[in-house]
Structure formats: C-alpha cells, structure tokens
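Report on the following structure.
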Amino acid sequence: MQHQNGMTTALSGRSAWLLAAAVSLALGGVAGAAQPARGRQAPAAPAQPDFSQVQVTATRVQGNVYMLEGAGGNVTVQVGEQGVLVVDTQFAPMADKLLAEIRKIAGGKPIRFVIDTHGHPDHVGGNERIRRAGAAVFGGNVENDDPRGEQGAVVIAHENVQFAMIKAENTPQATPAGNWPTETYSGSQYDLFFNDEAVQMFHMPAAHTDGDTIVFFRKSDVLSTGDVFVTTGYPYIDRGNGGHINGILEALNRILDITVPRDKQEGGTMVIPGHGRISDEGDVVEYRDMLTIIRDRIDAMVKKGMTLEQVKAARPTRDYDARYGATSGFWTTDMFIEAVYAGLRGGSQAGAAQ
Amino acid sequence: MAIKLSLRRNAAGGAFAGLLLGVLLAGTASAQVTQLGYWLPIYHEDFDERVPGPHAGDYAGLPINEAARLRADSWDPSLLTLPEHQCKPHPSTYGFRGIGTTRIWETRDPETQQLIKIETHIEWEAQHRTIWMDGRPHPGPSAPHTWQGFSTGKLEGDVLVVRTTHLKAGWMRRNGLALSDRTTMTDRFHRYGNIMTHVYVIDDPVYLTEPLVRTNGFKLVENGTMGAYPCRPAIEIPRPRGTVPAIPLDASTYSQEFATQFKLPVEAARGGANTALPEFMKQSRPAGQR
C-alpha cells in the first residue's frame, strides 16, 4: 500500500513514467503482453456523439461531491478549500465544457488532482486539457524544476493503466502521451487526504480491465466506481486488457463491503457509476445479483462442456436482456456472453480477485 | 407582495385581489384532502396472496412476459436471507398490498395554506412515500431511484391521483416476479365514507406485456397509532462470499407443483395477460364445471 499525505507526492511524474516504461520493458509489457492469447476480442469503437451538441450537466450527489455528465463516462468532482479533484475526464472534445462546468461549481479554485478509474478513451480523453488547466502544489521535496511545474495537476492511476498505454503505443488504440497518468500506484490501495476528507483509491484487479480503481470519498460518503459498475447495460469486459467476469463480481462485492445504506437498503453511501444514474447500495445489489446469476449459469454450462454456440443458443441472459442487453452497437449481449464464456473457460474461477 | 399592497391601499381593489387569489388557489389551498388519517388494509381481495403469501410458481392473472417468467423461475426464496436483502421494504408498486397500518397526512405552507405534499407511511419496513402536490417536475434520468419512487399528485375532485417514476427494481408479487427500475405507476385513492379504495396501474416495458391493474381496500381507524420498524441485517446462513441463491436455468418445478396442488392447467400457473380474462378461467376449469 502506498500512502500520500496531503499533497506531498509519493513518486514524481517523470519517475513514474520512466519506472513504468522500464518495468514494462523488463517484463515484456506486463499488463498487456499476456492478454492477446486469451480470447481477445475487439469490439467496435464506442459510438461517439456529435460533441458540439452535447451539454455538460452537474448534479450534487452529497457532501463535497458532484457528478458531471456529458459524453463518455461519468465525471466525479470533489470541491473544497484546497481545490478540485476530478475523477475521469470523458472524451477529449468534452474537456473545455467539463472545465467550464467545474468552474461554475468551484469558482477559481485550482484543479489539483485527476484520478483515472481506468484507461479507456471515454474516461481519460480529457486528461491533458484538464491537467494543464490545473496546478499541483510545490514545495519541500517537490521542487519547482519538477516536470509537474509544466504538467499542471497530478494525474493518478493504477500502474496497470500506464502499462496498457505503453503497450498500445504506435497502435490505433494508442492513448496520446499527454493523457497518460503523471503518477501511478501499485498494490491494492492508494490514499490521499484532500479537502478535509480521506480519498481512498482501491485497485479492482482483473475486472473491467486489469487497472480499475474505485474512489471512495469517506467524509462525503460517495463512491465513484468507474466501469466496474454501470446502470446502462451489461458490463464491458475488456478481455484484451485483463478484464474478467469474476473480477467484476469481486469488485461489486467490494463495493457492497464499503457502502452502508442509511436505512432499509437505501441512501447512505451514494455510488457514482461509470455510466448511468446515481445509485446506492440497493442498486448495486440488484446488479451484482443479476451478474452472479448469469455467471453461475454460464459456469455450469462450461463445466458441462458446452460450446460457445450452445451457450448462446441456451440464452442464459434472456430474463435480463430487455433491461441490460443490446443487439447492436459497441457492446452487444452476444459479446458479453462471449467474454464471460472465454473467461470461465480459462479457469472457472480464475479471475476472481481476493 | 403586490396583492398585499393593494389590499392596504384600496379596499375595493383588495377585495378583487383577494377574490382572484382565492380563485387561483382554489385547487390547492382550499381543496380538502379526504384521504388523511390512519387506515387498516382490508384483505377481502387476494387474501391468500397478500397475507400468508403467494405460492412459488403462481404467476396466474398477471400480464407478464417470458423474461419475467424465467426470472421468477430462477428466484430462490433463500435470497431473502442475504444480509443485503433482509431490510428491503416493499416498493410503492407493492406496499399497499402488504400488511400494517397506513398513515396519510398533508403538509401545507403555513402562510399561504397551499398544499405542498401528502405523505404516506406504511408500518412494515417503514415504507415512507412523499407525494409532491406543489407542481414540481419529476427529476431527470440521472437522479437516484428509491423504493417508493418520486411521486407527484393532484386532486381530481376528491380523488387523489399520483404519478410515480424513479423506482428501484422491485416486484409485483412476492414470489420472484420482478419489476424493473424502468417501472412507472399511476395510482388513485378514492374515499367512500370510512372505506378507501386504492387503484394502481403499473407499466414496465421490461417485464409486463400490458399495464398491471390492481385494487386494495382500506378501512379508516379512529385514534390510530404507528410503531417504528427498525431493521438491522445479520448473517443468517454463512455462505461463501458473493453467493447469490438461485434456481438453475430451466430447472424450476414451482409452477408445475402449484398447478398440481390446485388442479389447474400449468399454462394458468404460468401467467400472462390472457390468464386474467374470464374466458381463460372458464376454459381452464375441469370440463364438468364450465
């Protein structure tokens, strides 16, 4: 576990980049290199709207935390005396609109931190623009000649996000270097104390990707989950980047460990999903139950030796398809079943994180 | 403020303004809500389903689709032993069919006497519902969903008409017949003397083929009381982390068992809009009883 007290950074941005690159090279690109062999599938790129027509709206969730919506994943914004912390930054063309909405909420307070829940372009596309609009705090061991003097805010992600970006360099899926994290953490947890509240980042291994982070604002009692929890459909399991149905279920159960309903399975800890509406524990339970039931059905079919086509023909999701399924677009029900099947074929419980 | 000033300056003008104000607020400030008070449910309808509880596999008379059927077939009553399920209240789409005292009261602005909201509280699991009567809009699609949903109401004569959205995923019958979080409901509260009839219409594009319409009866209680209903979940059955009890796919025998026990055709037990029709019931009787 790494800890960061206040705004004293644990690892300089340049060091993080170099370390990530070195580790990646030394291990042959740890995060991604082992992935293509296991049933990798490449869904079509997410449909991108006409960004010029998209408006950003902000909703105060509770405490110091807001949810911003536009195009791409939900954005979480925490505002306080010390500045602004942003979780995820949507697609690149949305950055200026996000900044405008953040300024409406926070006035002139500087953006100090950006946290990436994972590395997909609908969540990190605006990193560079928003980072450069912000400012890290300097002093002590963090000198003015530190490269962050030009970088603006600190961008934090799990190291596997960085590894995946390094691996994808020079491919059509490459993330522009300006959107990369400036700091990464390894292990299971990374903590900040910012704006008078503890901000905890928990790594959710092998879930939506292998670099997922959920962010818990302890005083505001709000959890920002990234795409391990969405209310809009079946979860996108990015097998090419280490995703696995069992990791998603473990992440959902971890979310349920953290959330405390106020009363009668309602309210209390509020949950900002990667996509979709503001939720609470009761909503996560419904989603966890649905995915567990589907996973168990497909797992039973795998253990019977059924082929993928046989599993699809059995329609193991058919009681939930009208709510969560899709027959066209970026992530169809068939693709979801294929990803669950491929993961379970690789070892029925292999992806479960502890 | 303008009306207040005119009253001071000119008695005639003030009288006119007062009349105008009275007309404008006639539907809110002066309208009497006749449903207020303590009510006890009358179980003259569907007693077996509502009080002892429904039989597993009994989907008869409900306009459900195949997805709803399968989901209910997969439902294991042991699900309710999970700590995260133990304290769930009934959603407003079911709560008025349940047991326990119901209290209904109003809140008015003390200065204008305009009706702001009507609240209902059902004792079992403290189902507390707020019905906004002040004309506010329903929230947008990103707002949280709750067990009771977001309700707005209006008075049509003496009838309280309520529209509810933003419901959590719930249920239409307590045997696994689910409703999705896309469900909406319109309900109407009619009072006849000391009796109140509650009529509700549920729409769910996920699990219903057509609106589900039900009625419940209530009797007014003088000097009613309402107890608290705390709930703290506990581990009732130790299980491996993440376990969700469910009947395996296509393995349920519930409907067959229910049909056998009550000497019904299985297709009646399986439900569907047609099973609510008198024609279907007539055909479903043993030949000698048609």
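Starting from 1 in every chain, residues are counted up; chains themselves are A, B, ... following the order of the structure tokens, and ligands are numbered from 1 as listed.
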Under the rule of at most 6 Å, produce a per-residue listing of chain A near chain B: chain, number, name, the closest pair of atoms, and the distance in Å, as a tab-separated table, using only C-alpha atoms.
```
residue	atom	partner	partner_atom	distance
A:Lys264	CA	B:Cys87	CA	5.0
A:Gln265	CA	B:Lys88	CA	5.6
A:Arg277	CA	B:Ser142	CA	4.0
A:Ile278	CA	B:Pro144	CA	5.0
A:Ser279	CA	B:Pro144	CA	5.5
A:Asp319	CA	B:Ala67	CA	4.0
A:Ala322	CA	B:Val206	CA	5.4
```
May I have the selected residues written with N, CA, C and O atoms, as a PDB file, in the first residue's frame?
```pdb
ATOM      1  N   LYS A 264     -33.079   0.716   5.472  1.00  0.00           N
ATOM      2  CA  LYS A 264     -33.905  -0.060   4.541  1.00  0.00           C
ATOM      3  C   LYS A 264     -33.272  -0.150   3.150  1.00  0.00           C
ATOM      4  O   LYS A 264     -33.939   0.039   2.128  1.00  0.00           O
ATOM      5  N   GLN A 265     -31.974  -0.427   3.125  1.00  0.00           N
ATOM      6  CA  GLN A 265     -31.257  -0.626   1.859  1.00  0.00           C
ATOM      7  C   GLN A 265     -31.419   0.564   0.910  1.00  0.00           C
ATOM      8  O   GLN A 265     -31.619   0.396  -0.284  1.00  0.00           O
ATOM      9  N   ARG A 277     -27.023   6.327 -13.942  1.00  0.00           N
ATOM     10  CA  ARG A 277     -27.575   7.234 -12.937  1.00  0.00           C
ATOM     11  C   ARG A 277     -26.925   7.052 -11.564  1.00  0.00           C
ATOM     12  O   ARG A 277     -26.348   6.005 -11.273  1.00  0.00           O
ATOM     13  N   ILE A 278     -27.094   8.055 -10.737  1.00  0.00           N
ATOM     14  CA  ILE A 278     -26.629   7.996  -9.354  1.00  0.00           C
ATOM     15  C   ILE A 278     -27.339   6.843  -8.650  1.00  0.00           C
ATOM     16  O   ILE A 278     -28.547   6.650  -8.812  1.00  0.00           O
ATOM     17  N   SER A 279     -26.572   6.084  -7.876  1.00  0.00           N
ATOM     18  CA  SER A 279     -27.104   4.860  -7.284  1.00  0.00           C
ATOM     19  C   SER A 279     -26.751   4.785  -5.806  1.00  0.00           C
ATOM     20  O   SER A 279     -26.073   5.656  -5.269  1.00  0.00           O
ATOM     21  N   ASP A 319     -33.613 -13.409 -19.326  1.00  0.00           N
ATOM     22  CA  ASP A 319     -34.535 -12.726 -18.410  1.00  0.00           C
ATOM     23  C   ASP A 319     -34.060 -11.312 -18.063  1.00  0.00           C
ATOM     24  O   ASP A 319     -34.801 -10.550 -17.431  1.00  0.00           O
ATOM     25  N   ALA A 322     -33.892  -7.470 -21.795  1.00  0.00           N
ATOM     26  CA  ALA A 322     -34.702  -6.280 -22.086  1.00  0.00           C
ATOM     27  C   ALA A 322     -34.248  -5.080 -21.267  1.00  0.00           C
ATOM     28  O   ALA A 322     -34.497  -3.934 -21.643  1.00  0.00           O
TER      29      ALA A 322
END
```
Which residues, written as a compact mmCIF listing (two decimals) with all heavy atoms, in the first residue's frame, have at least one atom at most 12 Å from B:Ser92, with only C-alpha atoms counted and residues fewer than 6 positions away on the same chain left out?
```txt
# COMPACT_ATOMS: atom_id res chain seq x y z
N GLY B 98 -49.53 -4.88 1.11
CA GLY B 98 -48.94 -5.58 2.25
C GLY B 98 -49.74 -5.39 3.52
O GLY B 98 -50.89 -4.96 3.50
N THR B 120 -47.37 9.30 2.84
CA THR B 120 -47.96 8.04 3.28
C THR B 120 -46.88 7.23 3.98
O THR B 120 -45.72 7.27 3.57
CB THR B 120 -48.55 7.23 2.12
OG1 THR B 120 -47.50 6.74 1.29
CG2 THR B 120 -49.50 8.06 1.27
N HIS B 121 -47.27 6.55 5.03
CA HIS B 121 -46.31 5.73 5.76
C HIS B 121 -46.98 4.41 6.13
O HIS B 121 -48.01 4.40 6.78
CB HIS B 121 -45.84 6.46 7.03
CG HIS B 121 -44.69 5.81 7.70
ND1 HIS B 121 -43.38 6.21 7.51
CD2 HIS B 121 -44.63 4.76 8.55
CE1 HIS B 121 -42.56 5.45 8.21
NE2 HIS B 121 -43.30 4.56 8.86
N ILE B 122 -46.38 3.34 5.67
CA ILE B 122 -46.87 2.01 5.98
C ILE B 122 -45.92 1.40 6.99
O ILE B 122 -44.69 1.46 6.81
CB ILE B 122 -46.95 1.13 4.71
CG1 ILE B 122 -47.88 1.79 3.69
CG2 ILE B 122 -47.40 -0.28 5.06
CD1 ILE B 122 -47.89 1.12 2.33
N GLU B 125 -41.62 -2.31 7.58
CA GLU B 125 -40.38 -1.81 6.98
C GLU B 125 -40.42 -0.31 6.68
O GLU B 125 -39.67 0.19 5.84
CB GLU B 125 -39.99 -2.60 5.72
CG GLU B 125 -39.51 -4.02 6.01
CD GLU B 125 -38.14 -4.08 6.66
OE1 GLU B 125 -37.54 -3.02 6.89
OE2 GLU B 125 -37.68 -5.20 6.93
N ALA B 126 -41.31 0.40 7.40
CA ALA B 126 -41.33 1.87 7.34
C ALA B 126 -41.34 2.41 5.92
O ALA B 126 -40.47 3.20 5.52
CB ALA B 126 -40.14 2.44 8.11
N GLN B 127 -42.32 1.96 5.13
CA GLN B 127 -42.41 2.44 3.75
C GLN B 127 -42.96 3.86 3.75
O GLN B 127 -44.14 4.08 3.96
CB GLN B 127 -43.32 1.52 2.96
CG GLN B 127 -42.86 0.06 2.93
CD GLN B 127 -43.99 -0.87 2.57
OE1 GLN B 127 -44.51 -0.80 1.46
NE2 GLN B 127 -44.38 -1.73 3.49
N HIS B 128 -42.09 4.79 3.49
CA HIS B 128 -42.45 6.21 3.59
C HIS B 128 -42.41 6.83 2.20
O HIS B 128 -41.38 6.84 1.54
CB HIS B 128 -41.47 6.93 4.52
CG HIS B 128 -41.91 8.32 4.85
ND1 HIS B 128 -42.34 8.69 6.11
CD2 HIS B 128 -42.04 9.43 4.09
CE1 HIS B 128 -42.68 9.96 6.10
NE2 HIS B 128 -42.51 10.43 4.89
N ARG B 129 -43.54 7.36 1.81
CA ARG B 129 -43.67 7.89 0.46
C ARG B 129 -44.08 9.35 0.53
O ARG B 129 -44.98 9.72 1.29
CB ARG B 129 -44.75 7.08 -0.27
CG ARG B 129 -44.94 7.41 -1.73
CD ARG B 129 -46.07 6.53 -2.26
NE ARG B 129 -46.23 6.67 -3.69
CZ ARG B 129 -47.29 6.26 -4.37
NH1 ARG B 129 -48.29 5.66 -3.73
NH2 ARG B 129 -47.37 6.41 -5.68
N THR B 130 -43.44 10.18 -0.26
CA THR B 130 -43.79 11.59 -0.36
C THR B 130 -44.43 11.85 -1.71
O THR B 130 -43.87 11.48 -2.75
CB THR B 130 -42.55 12.48 -0.20
OG1 THR B 130 -41.98 12.25 1.09
CG2 THR B 130 -42.91 13.95 -0.33
N ILE B 131 -45.59 12.46 -1.70
CA ILE B 131 -46.31 12.79 -2.93
C ILE B 131 -46.33 14.32 -3.03
O ILE B 131 -47.01 15.00 -2.25
CB ILE B 131 -47.74 12.24 -2.89
CG1 ILE B 131 -47.72 10.71 -2.71
CG2 ILE B 131 -48.50 12.62 -4.17
CD1 ILE B 131 -49.06 10.12 -2.29
N THR B 146 -35.52 5.20 -5.89
CA THR B 146 -35.77 4.79 -4.50
C THR B 146 -36.88 3.74 -4.47
O THR B 146 -37.56 3.50 -5.47
CB THR B 146 -36.21 6.00 -3.65
OG1 THR B 146 -37.44 6.53 -4.20
CG2 THR B 146 -35.15 7.08 -3.66
N TRP B 147 -37.05 3.12 -3.30
CA TRP B 147 -38.09 2.08 -3.19
C TRP B 147 -39.48 2.66 -3.43
O TRP B 147 -40.34 2.01 -4.02
CB TRP B 147 -38.04 1.43 -1.81
CG TRP B 147 -36.79 0.65 -1.58
CD1 TRP B 147 -35.79 0.94 -0.69
CD2 TRP B 147 -36.37 -0.54 -2.27
NE1 TRP B 147 -34.78 0.01 -0.80
CE2 TRP B 147 -35.11 -0.91 -1.73
CE3 TRP B 147 -36.92 -1.32 -3.27
CZ2 TRP B 147 -34.41 -2.03 -2.18
CZ3 TRP B 147 -36.22 -2.44 -3.72
CH2 TRP B 147 -34.99 -2.78 -3.17
N GLN B 148 -39.70 3.87 -2.96
CA GLN B 148 -41.04 4.45 -3.12
C GLN B 148 -41.15 5.29 -4.38
O GLN B 148 -42.24 5.67 -4.78
CB GLN B 148 -41.41 5.29 -1.89
CG GLN B 148 -41.31 4.52 -0.57
CD GLN B 148 -42.07 3.21 -0.58
OE1 GLN B 148 -43.24 3.15 -0.97
NE2 GLN B 148 -41.42 2.12 -0.18
N GLY B 149 -40.00 5.61 -4.99
CA GLY B 149 -40.01 6.38 -6.22
C GLY B 149 -40.25 7.86 -5.98
O GLY B 149 -40.39 8.32 -4.83
N PHE B 150 -40.30 8.62 -7.06
CA PHE B 150 -40.60 10.05 -6.97
C PHE B 150 -42.04 10.24 -7.42
O PHE B 150 -42.40 9.91 -8.56
CB PHE B 150 -39.65 10.86 -7.86
CG PHE B 150 -39.80 12.34 -7.69
CD1 PHE B 150 -39.00 13.02 -6.79
CD2 PHE B 150 -40.75 13.04 -8.41
CE1 PHE B 150 -39.14 14.39 -6.61
CE2 PHE B 150 -40.91 14.41 -8.23
CZ PHE B 150 -40.10 15.08 -7.33
N SER B 151 -42.86 10.79 -6.54
CA SER B 151 -44.30 10.88 -6.81
C SER B 151 -44.77 12.32 -6.82
O SER B 151 -44.38 13.12 -5.98
CB SER B 151 -45.09 10.11 -5.73
OG SER B 151 -44.79 8.74 -5.77
N VAL B 162 -51.94 10.00 -8.37
CA VAL B 162 -50.49 10.08 -8.14
C VAL B 162 -49.75 9.45 -9.30
O VAL B 162 -50.13 8.37 -9.80
CB VAL B 162 -50.11 9.36 -6.83
CG1 VAL B 162 -48.61 9.53 -6.56
CG2 VAL B 162 -50.94 9.89 -5.68
N ARG B 163 -48.67 10.10 -9.71
CA ARG B 163 -47.80 9.57 -10.77
C ARG B 163 -46.42 9.33 -10.17
O ARG B 163 -45.85 10.23 -9.54
CB ARG B 163 -47.72 10.59 -11.91
CG ARG B 163 -46.75 10.21 -13.00
CD ARG B 163 -47.36 9.21 -13.94
NE ARG B 163 -46.46 8.88 -15.03
CZ ARG B 163 -46.43 7.71 -15.64
NH1 ARG B 163 -47.27 6.75 -15.25
NH2 ARG B 163 -45.61 7.49 -16.62
N THR B 164 -45.86 8.14 -10.36
CA THR B 164 -44.59 7.78 -9.73
C THR B 164 -43.58 7.30 -10.76
O THR B 164 -43.89 6.46 -11.61
CB THR B 164 -44.81 6.69 -8.65
OG1 THR B 164 -45.73 7.19 -7.67
CG2 THR B 164 -43.51 6.30 -7.98
N THR B 165 -42.38 7.84 -10.67
CA THR B 165 -41.25 7.40 -11.50
C THR B 165 -40.05 7.17 -10.58
O THR B 165 -40.16 7.27 -9.37
CB THR B 165 -40.88 8.48 -12.54
OG1 THR B 165 -40.53 9.69 -11.83
CG2 THR B 165 -42.06 8.79 -13.46
N HIS B 166 -38.89 6.87 -11.14
CA HIS B 166 -37.64 6.72 -10.39
C HIS B 166 -37.75 5.67 -9.29
O HIS B 166 -37.34 5.89 -8.15
CB HIS B 166 -37.21 8.07 -9.80
CG HIS B 166 -36.81 9.07 -10.84
ND1 HIS B 166 -37.73 9.76 -11.62
CD2 HIS B 166 -35.61 9.48 -11.27
CE1 HIS B 166 -37.10 10.55 -12.45
NE2 HIS B 166 -35.80 10.38 -12.28
N LEU B 167 -38.33 4.55 -9.66
CA LEU B 167 -38.44 3.43 -8.72
C LEU B 167 -37.22 2.52 -8.82
O LEU B 167 -36.68 2.31 -9.91
CB LEU B 167 -39.69 2.61 -9.04
CG LEU B 167 -41.02 3.26 -8.65
CD1 LEU B 167 -42.14 2.79 -9.57
CD2 LEU B 167 -41.35 2.93 -7.19
N LYS B 168 -36.83 1.95 -7.71
CA LYS B 168 -35.83 0.89 -7.77
C LYS B 168 -36.46 -0.36 -8.38
O LYS B 168 -37.69 -0.50 -8.39
CB LYS B 168 -35.36 0.53 -6.35
CG LYS B 168 -34.34 1.48 -5.76
CD LYS B 168 -33.76 0.88 -4.51
CE LYS B 168 -32.84 1.86 -3.81
NZ LYS B 168 -31.72 2.31 -4.64
N ALA B 169 -35.62 -1.24 -8.87
CA ALA B 169 -36.11 -2.54 -9.33
C ALA B 169 -36.83 -3.21 -8.16
O ALA B 169 -36.25 -3.34 -7.08
CB ALA B 169 -34.96 -3.39 -9.83
N GLY B 170 -38.06 -3.64 -8.39
CA GLY B 170 -38.85 -4.17 -7.29
C GLY B 170 -39.57 -5.45 -7.67
O GLY B 170 -39.00 -6.30 -8.37
N TRP B 171 -40.82 -5.55 -7.26
CA TRP B 171 -41.55 -6.78 -7.53
C TRP B 171 -43.05 -6.50 -7.59
O TRP B 171 -43.54 -5.55 -7.02
CB TRP B 171 -41.26 -7.85 -6.48
CG TRP B 171 -41.32 -7.37 -5.08
CD1 TRP B 171 -42.37 -7.40 -4.23
CD2 TRP B 171 -40.24 -6.77 -4.33
NE1 TRP B 171 -42.05 -6.85 -3.01
CE2 TRP B 171 -40.75 -6.47 -3.04
CE3 TRP B 171 -38.91 -6.47 -4.61
CZ2 TRP B 171 -39.96 -5.88 -2.05
CZ3 TRP B 171 -38.13 -5.87 -3.63
CH2 TRP B 171 -38.66 -5.59 -2.37
N MET B 172 -43.75 -7.38 -8.33
CA MET B 172 -45.20 -7.25 -8.43
C MET B 172 -45.89 -8.32 -7.59
O MET B 172 -47.07 -8.21 -7.30
CB MET B 172 -45.64 -7.33 -9.90
CG MET B 172 -45.45 -8.68 -10.55
SD MET B 172 -45.79 -8.67 -12.32
CE MET B 172 -44.15 -8.43 -13.01
N LEU B 179 -40.18 -6.46 -11.08
CA LEU B 179 -40.40 -5.25 -11.87
C LEU B 179 -39.05 -4.57 -12.03
O LEU B 179 -38.22 -4.61 -11.12
CB LEU B 179 -41.38 -4.31 -11.18
CG LEU B 179 -42.84 -4.78 -11.11
CD1 LEU B 179 -43.65 -3.88 -10.17
CD2 LEU B 179 -43.47 -4.76 -12.50
N THR B 183 -39.94 0.87 -14.31
CA THR B 183 -41.37 0.85 -13.98
C THR B 183 -41.87 2.25 -13.61
O THR B 183 -41.18 3.02 -12.96
CB THR B 183 -41.60 -0.10 -12.79
OG1 THR B 183 -41.26 -1.43 -13.19
CG2 THR B 183 -43.03 -0.07 -12.31
N THR B 184 -43.08 2.53 -14.06
CA THR B 184 -43.79 3.73 -13.60
C THR B 184 -45.17 3.31 -13.12
O THR B 184 -45.65 2.21 -13.46
CB THR B 184 -43.93 4.78 -14.73
OG1 THR B 184 -44.63 4.17 -15.83
CG2 THR B 184 -42.58 5.27 -15.20
N MET B 185 -45.78 4.15 -12.32
CA MET B 185 -47.08 3.78 -11.74
C MET B 185 -47.98 5.00 -11.64
O MET B 185 -47.52 6.11 -11.35
CB MET B 185 -46.86 3.18 -10.35
CG MET B 185 -48.15 2.80 -9.63
SD MET B 185 -47.87 1.87 -8.11
CE MET B 185 -47.17 3.14 -7.07
N THR B 186 -49.24 4.77 -11.89
CA THR B 186 -50.27 5.77 -11.59
C THR B 186 -51.23 5.15 -10.60
O THR B 186 -51.74 4.05 -10.83
CB THR B 186 -51.03 6.18 -12.87
OG1 THR B 186 -50.09 6.71 -13.81
CG2 THR B 186 -52.09 7.22 -12.56
N ASP B 187 -51.43 5.81 -9.49
CA ASP B 187 -52.42 5.26 -8.55
C ASP B 187 -53.43 6.32 -8.15
O ASP B 187 -53.18 7.53 -8.21
CB ASP B 187 -51.83 4.54 -7.34
CG ASP B 187 -50.66 5.24 -6.69
OD1 ASP B 187 -50.26 6.31 -7.17
OD2 ASP B 187 -50.15 4.71 -5.69
N TYR B 200 -54.28 0.96 -8.60
CA TYR B 200 -52.97 1.33 -9.16
C TYR B 200 -52.72 0.60 -10.47
O TYR B 200 -53.14 -0.52 -10.68
CB TYR B 200 -51.85 1.10 -8.16
CG TYR B 200 -51.62 -0.32 -7.70
CD1 TYR B 200 -50.57 -1.06 -8.21
CD2 TYR B 200 -52.42 -0.90 -6.73
CE1 TYR B 200 -50.33 -2.35 -7.78
CE2 TYR B 200 -52.20 -2.19 -6.30
CZ TYR B 200 -51.14 -2.91 -6.82
OH TYR B 200 -50.92 -4.18 -6.39
N VAL B 201 -52.03 1.32 -11.35
CA VAL B 201 -51.73 0.84 -12.70
C VAL B 201 -50.22 0.91 -12.89
O VAL B 201 -49.62 1.99 -12.81
CB VAL B 201 -52.43 1.69 -13.77
CG1 VAL B 201 -52.13 1.15 -15.16
CG2 VAL B 201 -53.93 1.75 -13.51
N ILE B 202 -49.60 -0.24 -13.13
CA ILE B 202 -48.15 -0.31 -13.25
C ILE B 202 -47.78 -0.58 -14.71
O ILE B 202 -48.35 -1.46 -15.36
CB ILE B 202 -47.59 -1.46 -12.38
CG1 ILE B 202 -47.88 -1.19 -10.91
CG2 ILE B 202 -46.10 -1.65 -12.61
CD1 ILE B 202 -47.53 -2.36 -10.01
```
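Minimum distance to B:Leu177 across B:Asp76, B:Glu257, B:Asp109, B:Glu123 (counting only C-alpha atoms) occurs at B:Asp76.
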For atom CA of A:Val79 and atom CA of A:Ile105, the interatomic separation in Å (one decimal): 7.8 Å
Those in stretch 269-344 of chain A with strand (DSSP E) from DSSP, as a PyMOL selection string: chain A and resi 270-272+279-280
Would you save the residues of that selection, restricted to C-alpha atoms, as a PDB file, in the first residue's frame?
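Wrote it out as again_27.pdb, contents follow:
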```pdb
ATOM      1  CA  MET A 270     -24.058   7.050  -2.701  1.00  0.00           C
ATOM      2  CA  VAL A 271     -22.497   5.434  -5.741  1.00  0.00           C
ATOM      3  CA  ILE A 272     -21.498   7.171  -8.973  1.00  0.00           C
ATOM      4  CA  SER A 279     -27.104   4.860  -7.284  1.00  0.00           C
ATOM      5  CA  ASP A 280     -26.848   3.404  -3.824  1.00  0.00           C
TER       6      ASP A 280
END
```
